[in-house]
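Asker: Submitted below is the structure of interest, expressed as structure tokens.
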Amino acid sequence: MMVRHWLAAGIVAAALAAATADAQRPQVASPRIYVFESGTIAGLDPALFNFKREELAHVDFVNMAYLIVHPRGTLMFDSGGIPDSHFKGDGSPVVEGVQTATKPVLPQLRSAGYSPGDITYFALSHYHSDHTGNANELAAATWIVQKAERDYMFGDPQGIVQPATYAALRNAKTKVLNDEDLDVFGDGTVVVLSTPGHTPGHQVVAVKLANRGTVVLAGDLYHYPEERTTGRTPTFEFDAAQSKVSRARIEKYVEDNHAELWIEHDVATHAALPKAPQYVD
Ligand SMILES: [Zn+2]
């Protein structure tokens, strides 16, 4: 009897705790996107991307991460560059190589009403370190990853990589995709699209928003808008021919769906977007 009462009390307490947590989160009727800032990348040589300085409107990058909130759960896409743990907490900027950041990512997530442990799904556009900064913090979510990318990340990854920032994903609950797409919440409004080339298993996310229309979070499918018009690819693509196939596929998707394409590093795109706790829906 005592045990049963104790159990019942425990269940009620757990339900109350869950209800309290839910009450703090926005209840949404349709998907929304929160935009998080993770600093800038400056001093890049345009030649790395097969451009001359005068051919680019902006040479520097912004670093971003996104939270998609859906009535059935959440998807965090990318996690910033410099890890939150590298901030001193005194408001001073953190500079690491070409990256500079003035604010950590997770407080921006909290400003939207979510803790890292609340996130349902986590996806990276790809494994490069300017996207994996806080990946370990999101390892309680179900990780959506292409098999080719995961194999590469936990094999002998080369290039722009900080494996320590994503080590916890090795044991995360994982949804492995084989060069395939995933309708994340089952209603077609949030879809991970396989776009290999920049890395072995690069992926983008298409989100159908009730007011704004369809948005493609493009990761590093492109780095500069000028790549869309010239067809040029960076010098460090994993497979440039594959990138071109993926780009053609997404350009068709954008046209068919009258979608916006948000290039993750593009300064102009993100200067025009509201930042968390504001959102796009
Ligand atoms: Zn990048």
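If you're wondering about the labels, chains in the structure tokens are A, B, ... by order shown, residues count from 1 in each chain, ligands from 1 in order shown.
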Using the chain letters and numbers from this document, which residues of range 15-179 of chain A does DSSP assign to alpha helix (DSSP H), as a list in words?

Answerer: Ala15, Leu16, Ala17, Ala18, Ala19, Thr20, Ala21, Asp22, Ala23, Gln24, Leu106, Pro107, Gln108, Leu109, Arg110, Ser111, Lys147, Ala148, Glu149, Arg150, Asp151, Tyr152 and Met153 of chain A

Asker: May I have a table of the residues of chain A lying at most 9 Å from ligand 1, giving each one's closest pair of atoms and their distance in Å to one decimal, counting only C-alpha atoms and all ligand atoms, ordered by chain and ascending residue number, as CSV?

Answerer:
```
residue,atom,partner,partner_atom_place_in_ligand_line,distance
A:Phe61,CA,ligand 1,1 (Zn),8.6
A:Asn63,CA,ligand 1,1 (Zn),7.4
A:Gly81,CA,ligand 1,1 (Zn),8.6
A:Ser125,CA,ligand 1,1 (Zn),8.7
A:His126,CA,ligand 1,1 (Zn),8.2
A:Tyr127,CA,ligand 1,1 (Zn),8.9
A:His128,CA,ligand 1,1 (Zn),6.3
A:Ser129,CA,ligand 1,1 (Zn),7.6
A:Asp130,CA,ligand 1,1 (Zn),5.3
A:His131,CA,ligand 1,1 (Zn),6.1
A:Ile160,CA,ligand 1,1 (Zn),8.9
A:Gly219,CA,ligand 1,1 (Zn),7.1
A:Asp220,CA,ligand 1,1 (Zn),5.6
A:His223,CA,ligand 1,1 (Zn),7.4
A:Glu264,CA,ligand 1,1 (Zn),7.5
A:His265,CA,ligand 1,1 (Zn),6.6
```

Asker: What is the CA of Gly80 in chain A to CA of Glu96 in chain A distance in Å?

Answerer: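 Computing the Euclidean distance for CA of Gly80 in chain A and CA of Glu96 in chain A yields 13.1 Å.
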
Asker: May I have the residues within 8 Å of Pro196 in chain A as number ranges by chain, using only C-alpha atoms and disregarding those fewer than 4 positions away in the same chain?

Answerer: A: 179, 200-203, 242-243, 246

Asker: At a cut-off of 6 Å, using only C-alpha atoms, what residues contact range 67-75 of chain A? Leave out same-chain residues fewer than 2 positions from it and give the result as a list of chain:residue names.

Answerer: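 Counting only the stated atoms, we get A:Val28, A:Ala29, A:Pro31, A:Arg32, A:Ile33, A:Tyr34, A:Ile119, A:Thr120, A:Tyr121, A:Phe122.
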
Asker: Store the residues picked out above in a file with C-alpha atoms, as a PDB file, in the first residue's frame.

Answerer:
```
ATOM      1  CA  VAL A  28       2.572  26.393 -31.528  1.00  0.00           C
ATOM      2  CA  ALA A  29      -0.100  25.654 -34.110  1.00  0.00           C
ATOM      3  CA  PRO A  31       6.149  25.516 -37.416  1.00  0.00           C
ATOM      4  CA  ARG A  32       8.356  28.428 -36.496  1.00  0.00           C
ATOM      5  CA  ILE A  33      12.085  29.060 -36.826  1.00  0.00           C
ATOM      6  CA  TYR A  34      14.227  30.727 -34.180  1.00  0.00           C
ATOM      7  CA  ILE A 119      15.169  19.206 -27.800  1.00  0.00           C
ATOM      8  CA  THR A 120      13.544  16.306 -29.672  1.00  0.00           C
ATOM      9  CA  TYR A 121      15.820  16.105 -32.721  1.00  0.00           C
ATOM     10  CA  PHE A 122      19.259  17.464 -33.561  1.00  0.00           C
TER      11      PHE A 122
END
```

Asker: List the neighbours of range 152-156 of chain A out to 12 Å using only C-alpha atoms; skip same-chain residues closer than 3 positions along the sequence, and give me the result as number ranges by chain.

Answerer: A: 124, 126-129, 132, 145-149, 159-171, 199-202, 238

Asker: Using only C-alpha atoms, which residues sit within 9 Å of range 257-261 of chain A once same-chain residues fewer than 4 positions away are excluded, as a PyMOL selection string?

Answerer: chain A and resi 206+208+213-218+251-253+269

Asker: Mind checking which residues fall within 7 Å of Ala139 in chain A, counting only C-alpha atoms, ignoring those fewer than 2 positions away in the same chain, and posting them as a list in words?

Answerer: Ala135, Asn136, Glu137, Ala141, Ala168, Leu169 and Ala172 of chain A

Asker: Could those residues be written to a file, using C-alpha atoms, as a JSON list (two decimals), in the first residue's frame?

Answerer:
```
[["chain", "number", "residue", "atom", "x", "y", "z"],
["A", 135, "ALA", "CA", 26.82, 19.50, -30.48],
["A", 136, "ASN", "CA", 27.73, 17.67, -27.26],
["A", 137, "GLU", "CA", 25.12, 19.70, -25.39],
["A", 141, "ALA", "CA", 18.10, 14.62, -28.60],
["A", 168, "ALA", "CA", 28.90, 12.77, -27.19],
["A", 169, "LEU", "CA", 26.89, 12.13, -30.37],
["A", 172, "ALA", "CA", 23.21, 9.51, -28.81]]
```

Asker: Expressed in Å to a single decimal, how great is the separation between CA of Asp181 in chain A and CA of Arg110 in chain A?

Answerer: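 These atoms are spaced 28.9 Å apart.
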
Asker: As number ranges by chain, list the residues of range 52-208 of chain A assigned to strand (DSSP E or B) by DSSP on the backbone atoms of this structure.

Answerer: A: 61-70, 73-77, 94-96, 99-101, 121-123, 142-146, 174-177, 182-183, 190-194, 203-208

Asker: Counting only C-alpha atoms, which residue out of A:Val280, A:Gly39, A:Tyr224, A:Val254 sits closest to Ala57 in chain A?

Answerer: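 Ranking A:Val280, A:Gly39, A:Tyr224, A:Val254 by distance to Ala57 in chain A, first place goes to A:Tyr224.
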
Asker: Here is a test: counting only C-alpha atoms, which residue of A:Val204, A:Phe87, A:Leu193, A:His198 is nearest to Thr233 in chain A?

Answerer: A:His198
